[in-house]
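Colleague: Dropping the structure in here first, questions after.
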Amino acid sequence: MSSVSKWVYSFGDGKAEGRAEMKNLLGGKGANLAEMSNLGLPVPPGFTITTEVCTWFYDNGRQYPAELKDQVAAGLRAVEGIIGATFGDADNPLLVSVRSGARASMPGMMDTVLNLGLNDITVRGLAKRSGDERFAYDSYRRFIQMYGNVVLDVDHHHFEEILDSHKRDRGLSYDTDLEAGDWQAVIEGYKDVVQEALGRPFPQDVQEQLWGAIGAVFGSWMNQRAITYRKLHEIPASWGTAVNVQAMVFGNMGNDCATGVAFTRNPSTGENAFYGEYLINAQGEDVVAGIRTPQHLTIAGRQANGSDLPAMEESMPEVFQQLDAVRLKLERHYRDMQDIEFTVQQKKLYMLQTRNGKRTTAAALKIAVDMAQEGLIDEAEAVRRIEPKSLDQLLHPTLDPKAERKIIAKGLPASPGAACGKVVFSADEAERLSQMGDAVILCRVETSPEDIHGMHAAAGILTTRGGMTSHAAVVARGMGRSCVSGAGELRIDYKTGVMTVRGEKIAAGDIITIDGSTGEVMLGHVPTIQPELSGDFAILMGWADRFRRMKVRTNAETPLDARTAVKFGAEGIGLCRTEHMFFDTERIIAVREMIVAETEAGRRAALAKIAPMQRQDFVELFRIMAGLPVTIRLLDPPLHEFLPNSEAEMDEVAKAAGTDIQRVRHRALQLHEANPMLGHRGCRLGISYPEIYEMQARAIFEAAVEVGKDGQSVIPEIMIPLVGTKKELDILKAVIDRVAGEVKQSSGVQIDYLVGTMIELPRAALRAAEIAQSAEFFSFGTNDLTQTTFGISRDDAASFLPDYQRAGIFEHDPFVTLDTEGVGELVSIAAERGRKTRPDIKLGICGEHGGDPASVYFCEKVGLSYVSCSPYRVPIARLAAAQAALMGDRPASEA
């Protein structure tokens, strides 16, 4: 905990105590409000309570540091001086907003309170000063509803029921139809609700209101939706949130007022066009909540979406020009696409927020490439800008344009990509069905932050209300989920679990398809096509390849996987798991026959059936990889994976082997292992039955000779798995060398090849100097190395790993992100000792960690030659390797 006793930083009136680089202390919102103030932009004055107070708050039983109260009071006096109004004053009251602001953007996850400082007395002062009684009482009822819900924990539906029944009684449709007297009646009802729920009246003391709201914001850092969001986005709980207290400006004072949300470029496509929405005579929450249909900022945006509501460019041309100038200034200053919030009070523009905008991956690529080509950033910065994992969004299918589709509704194209799945109407149901393996489309009237777990579980999101900047749209784009919002023709009835549109009924469980790029909603399943990876993707990946040092290979044993990986830029195969080639129905009987055979002759007879198929496998892979390196791991199955289990399977094996079922049953029982992952597998199988590795080596060398006849050079890298001692490697290397000599003699062709080993046991890592005397390369099998280092089975760990993450024992699942402290230290030791013996030793990693960006960064630091990962993760690894090279020794969090 910092010893600094400054807990509050002021901003406003063209200056600020903070700046953009201080976001760890001031949170993203506070740092950017300070920065905008320093830039001379029209920012309502305020102050930020630092993230260190949040840490203090949780470390000290939800208490505050002793100096905080006085510092907040001083901050408030500074705001009063700039605005010329006094907090709690009967005649000229200052009203403030109280908002969260973590260092990482968490849209909608934490609590906000607007219009704070209103009570039965100050509301009259506000009415008099503004000359608008209706506005004053509308603001007061909003404050009671928001404060009642956020701070006092009174469910918001109680307030909505009162408002709805008042509108019904008066025969009114919209909130804007209510007059001052209506709002006064609604306020009395709201206060009764609070009194009934809490047994005490709504607080009239403005200081009590302020500290209640500050406590609620700090408290919301640990609410369930914020915890879920942090977990999904890997944001540490220790970061905490800041609290921003800022003078209110009003977008709901009449028709010369407005509020809006905008992006300096299009967050769905990346097009360099001002993009956003606004509402006349409204407060900011109205835009984001999707309660009223927002209007477009620009004429072009209005026309593109077929709206007949006037654009801001038409209804408030002077203010629009100011806003457009601010957009350009902010983008040039931050050198990134900005997400901005603004309010217009009586034709005067105020800036309430700027932050780097959430965007789809396609937009991120376009923006990064365009900004580099515009000279705003350099190519290295463009490469750093793209989150490697997000490339996943681009590598999967889109709707087939030729496929028939039955369009039943159209909404706004809020987050691109196509998704097809079962209709569900609740976040819990989306999560439940998704865990059972179903693809689902979460259909809601509008989403709220409470739906975050269901949105993450869903393949796509559909809402009937809300615009392009609604909660659903912003969160979906950040998660890479396709989303259609504001499909107003659809009617959802949560009670009956049915959605209706133009006489069509869609029940929970029915299949629909949504296209987040066009806003179309279709009945049934619409086929998809593979994406074209060209344009901005190709340009940026070209830059990434220039910056990276490590090679990127793929884990592949089928022609389809190998071709896919080559298309995604793989530079060879880093792991060909030969046992995966044996599960084919044609081969499995011969493999089982070999395993249950009790004599070498029996095994050789079975292997003779497999050998031609195995040779053909390698011929195909060598041809596809066209001279690129191919690392082939010799057989490494836990035997139980191949053993016949059912009577029918045993009977089949008995017939193929020409023996009786009794002997097969007896042999299967003999080979049964209590702990097969630590049993008779890998090189241990080769030591017991060298004829298996002999057959595989022969198939590899004969395939290399055959492909060599076409003029292709092939240098196979033969990898012996699960080695723990040099002696194991020496015995099996001798078998491979002997077979190479025999194939050379029979074919007359000299074969170049390498023999290496997989480092997947702690002992192998520690004895790497010795093993490297025989091994020409090491490939770290980090899946097994993680298992054997922790003594955790990756097949069974899922049942208790979440408990470990919740308890803070593991920050990440160690099978997803490499444990750099324990497993990583073994990798470092092995690399260092291996190089000491053999300075030119080739070092790679081929566990699934090879496609995890954080693990790739570690591999760069250790100086590995390459990483290998599954085909669809090749672009992710290419980009991560480039970013790792650009980072040098800086940790990822600082880059």
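Chains: A, B, ... in order of the structure tokens. Residues: from 1 per chain. Ligands: from 1, in order shown.
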Pick out the residues sitting within 12 Å of region 810-822 of chain A, and hand them over as number ranges by chain; count only C-alpha atoms, and ignore anything fewer than 3 positions along from it in its own chain.
Modeller: A: 230-237, 762, 765, 780-807, 825-829, 845, 847-859, 861-862
Colleague: Take CA of Glu776 (chain A) and CA of Arg835 (chain A) and report the distance between them in Å, one decimal.
Modeller: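 CA of Glu776 (chain A) sits 10.5 Å away from CA of Arg835 (chain A).
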Colleague: What's the separation between CA of Met36 (chain A) and CA of Val243 (chain A), in Å to one decimal place?
Modeller: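 Interatomic distance here is 17.3 Å.
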Colleague: Can you list every residue in region 578-804 of chain A that DSSP puts in strand (DSSP E), as a VMD selection string?
Modeller: chain A and resid 630 to 633 716 to 720 754 to 759 777 to 780
Colleague: Could you write those residues out with N, CA, C and O atoms, as an mmCIF file, in the first residue's frame?
Modeller:
```
data_model
loop_
_atom_site.group_PDB
_atom_site.id
_atom_site.type_symbol
_atom_site.label_atom_id
_atom_site.label_comp_id
_atom_site.auth_asym_id
_atom_site.auth_seq_id
_atom_site.Cartn_x
_atom_site.Cartn_y
_atom_site.Cartn_z
ATOM 1 N N VAL A 630 9.112 -31.016 -40.442
ATOM 2 C CA VAL A 630 8.016 -31.815 -39.880
ATOM 3 C C VAL A 630 8.581 -32.631 -38.718
ATOM 4 O O VAL A 630 9.468 -33.464 -38.902
ATOM 5 N N THR A 631 8.075 -32.348 -37.516
ATOM 6 C CA THR A 631 8.509 -33.089 -36.328
ATOM 7 C C THR A 631 7.490 -34.183 -36.042
ATOM 8 O O THR A 631 6.313 -33.882 -35.804
ATOM 9 N N ILE A 632 7.946 -35.421 -36.075
ATOM 10 C CA ILE A 632 7.046 -36.561 -35.889
ATOM 11 C C ILE A 632 7.340 -37.210 -34.545
ATOM 12 O O ILE A 632 8.461 -37.661 -34.292
ATOM 13 N N ARG A 633 6.318 -37.230 -33.714
ATOM 14 C CA ARG A 633 6.479 -37.899 -32.413
ATOM 15 C C ARG A 633 6.110 -39.368 -32.589
ATOM 16 O O ARG A 633 5.007 -39.681 -33.060
ATOM 17 N N PRO A 716 13.079 -35.018 -42.029
ATOM 18 C CA PRO A 716 12.190 -35.323 -40.907
ATOM 19 C C PRO A 716 12.907 -35.120 -39.570
ATOM 20 O O PRO A 716 14.112 -35.357 -39.456
ATOM 21 N N GLU A 717 12.150 -34.659 -38.588
ATOM 22 C CA GLU A 717 12.661 -34.543 -37.221
ATOM 23 C C GLU A 717 11.908 -35.588 -36.403
ATOM 24 O O GLU A 717 10.697 -35.465 -36.210
ATOM 25 N N ILE A 718 12.624 -36.624 -35.979
ATOM 26 C CA ILE A 718 11.971 -37.745 -35.286
ATOM 27 C C ILE A 718 12.103 -37.534 -33.781
ATOM 28 O O ILE A 718 13.215 -37.386 -33.260
ATOM 29 N N MET A 719 10.947 -37.542 -33.116
ATOM 30 C CA MET A 719 10.930 -37.178 -31.700
ATOM 31 C C MET A 719 10.515 -38.375 -30.848
ATOM 32 O O MET A 719 9.474 -38.994 -31.090
ATOM 33 N N ILE A 720 11.338 -38.648 -29.854
ATOM 34 C CA ILE A 720 11.074 -39.777 -28.952
ATOM 35 C C ILE A 720 10.441 -39.222 -27.679
ATOM 36 O O ILE A 720 11.028 -38.380 -26.996
ATOM 37 N N LEU A 754 16.843 -35.628 -38.219
ATOM 38 C CA LEU A 754 17.281 -35.280 -36.866
ATOM 39 C C LEU A 754 16.546 -36.190 -35.891
ATOM 40 O O LEU A 754 15.395 -36.558 -36.122
ATOM 41 N N VAL A 755 17.212 -36.544 -34.806
ATOM 42 C CA VAL A 755 16.526 -37.281 -33.733
ATOM 43 C C VAL A 755 16.598 -36.404 -32.480
ATOM 44 O O VAL A 755 17.665 -35.922 -32.099
ATOM 45 N N GLY A 756 15.432 -36.205 -31.896
ATOM 46 C CA GLY A 756 15.391 -35.392 -30.682
ATOM 47 C C GLY A 756 14.406 -35.988 -29.701
ATOM 48 O O GLY A 756 13.934 -37.118 -29.874
ATOM 49 N N THR A 757 14.101 -35.233 -28.678
ATOM 50 C CA THR A 757 13.190 -35.780 -27.670
ATOM 51 C C THR A 757 12.227 -34.714 -27.174
ATOM 52 O O THR A 757 12.450 -33.518 -27.355
ATOM 53 N N MET A 758 11.205 -35.222 -26.549
ATOM 54 C CA MET A 758 10.217 -34.352 -25.941
ATOM 55 C C MET A 758 10.597 -34.215 -24.469
ATOM 56 O O MET A 758 10.780 -35.220 -23.782
ATOM 57 N N ILE A 759 10.702 -32.979 -24.003
ATOM 58 C CA ILE A 759 10.980 -32.754 -22.576
ATOM 59 C C ILE A 759 9.629 -32.562 -21.901
ATOM 60 O O ILE A 759 9.004 -31.512 -22.034
ATOM 61 N N PHE A 777 17.449 -32.014 -30.941
ATOM 62 C CA PHE A 777 16.478 -30.953 -30.632
ATOM 63 C C PHE A 777 15.662 -31.371 -29.415
ATOM 64 O O PHE A 777 15.558 -32.555 -29.087
ATOM 65 N N PHE A 778 15.120 -30.361 -28.751
ATOM 66 C CA PHE A 778 14.158 -30.584 -27.654
ATOM 67 C C PHE A 778 12.837 -29.941 -28.064
ATOM 68 O O PHE A 778 12.831 -28.815 -28.560
ATOM 69 N N SER A 779 11.764 -30.630 -27.801
ATOM 70 C CA SER A 779 10.461 -29.978 -27.903
ATOM 71 C C SER A 779 9.796 -30.132 -26.541
ATOM 72 O O SER A 779 9.684 -31.250 -26.029
ATOM 73 N N PHE A 780 9.395 -29.012 -25.965
ATOM 74 C CA PHE A 780 8.789 -29.068 -24.634
ATOM 75 C C PHE A 780 7.313 -29.435 -24.762
ATOM 76 O O PHE A 780 6.534 -28.682 -25.353
#
```
Colleague: Take CA of Thr55 (chain A) and CA of Gly219 (chain A) and report the distance between them in Å, one decimal.
Modeller: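 CA of Gly219 (chain A) lies at a distance of 11.3 Å from CA of Thr55 (chain A).
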Colleague: Nearest residue to Ala427 (chain A) out of A:Ser448, A:Thr398, A:Gln883, A:Ser415, using only C-alpha atoms?
Modeller: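 Nearest candidate to Ala427 (chain A) out of A:Ser448, A:Thr398, A:Gln883, A:Ser415: A:Ser448.
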Colleague: Mind checking which residues fall within 9 Å of region 139-156 of chain A, counting only C-alpha atoms, ignoring those fewer than 4 positions away in the same chain, and posting them as an NGL selection string?
Modeller: :A and (111-120 or 123 or 134-135 or 160-161 or 183-184 or 186-187 or 190-191 or 193-194 or 197-198 or 202 or 209 or 212-213 or 215-217 or 220 or 252)
Colleague: Within region 143-321 of chain A, find each residue whose DSSP state, derived from the backbone, is helix (DSSP H, G or I), and express the selection as an NGL selection string.
Modeller: :A and (143-150 or 156-170 or 175-177 or 180-198 or 206-220 or 224-233 or 237-239 or 284-289 or 299-304 or 312-315 or 317-321)
Colleague: Can you tell me, as number ranges by chain, what residues are no more than 9 Å from region 375-391 of chain A when counting only C-alpha atoms, ignoring any on the same chain fewer than 3 positions away?
Modeller: A: 332, 335-336, 360-362, 364-365, 367-372, 394-395, 479-480, 540-541, 543-544, 547, 851-853, 873, 875-880, 882-883, 886-887, 895
Colleague: Quick one: of A:Arg19, A:Asp438, A:His456, A:Glu620, who's nearest to Leu560 (chain A), counting only C-alpha atoms?
Modeller: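 Closest residue, counting only C-alpha atoms: A:Glu620.
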Colleague: With only C-alpha atoms as the counted atoms, please give the residues lying no more than 12 Å from Phe582 (chain A), apart from itself and same-chain residues fewer than 3 positions off, as JSON, numbers by chain.
Modeller: {"A": [557, 558, 577, 578, 579, 585, 586, 587, 588, 589, 590, 591, 592, 594, 607, 609, 610, 611, 613, 614, 617, 634, 635, 636, 637, 641, 642, 696]}
Colleague: Taking only C-alpha atoms into account, which of A:Asp651, A:Glu313, A:Asp752, A:Glu593 comes nearest Ser713 (chain A)?
Modeller: A:Asp752
Colleague: Here is a test: counting only C-alpha atoms, which residue of A:Gly417, A:Gly658, A:Pro449, A:Gly81 is nearest to Ile227 (chain A)?
Modeller: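 Smallest distance to Ile227 (chain A) is found for A:Pro449.
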Colleague: Nearest to Glu208 (chain A): which of A:Ser746, A:Ile340, A:Thr599, A:Gly88 is it, counting only C-alpha atoms?
Modeller: A:Gly88
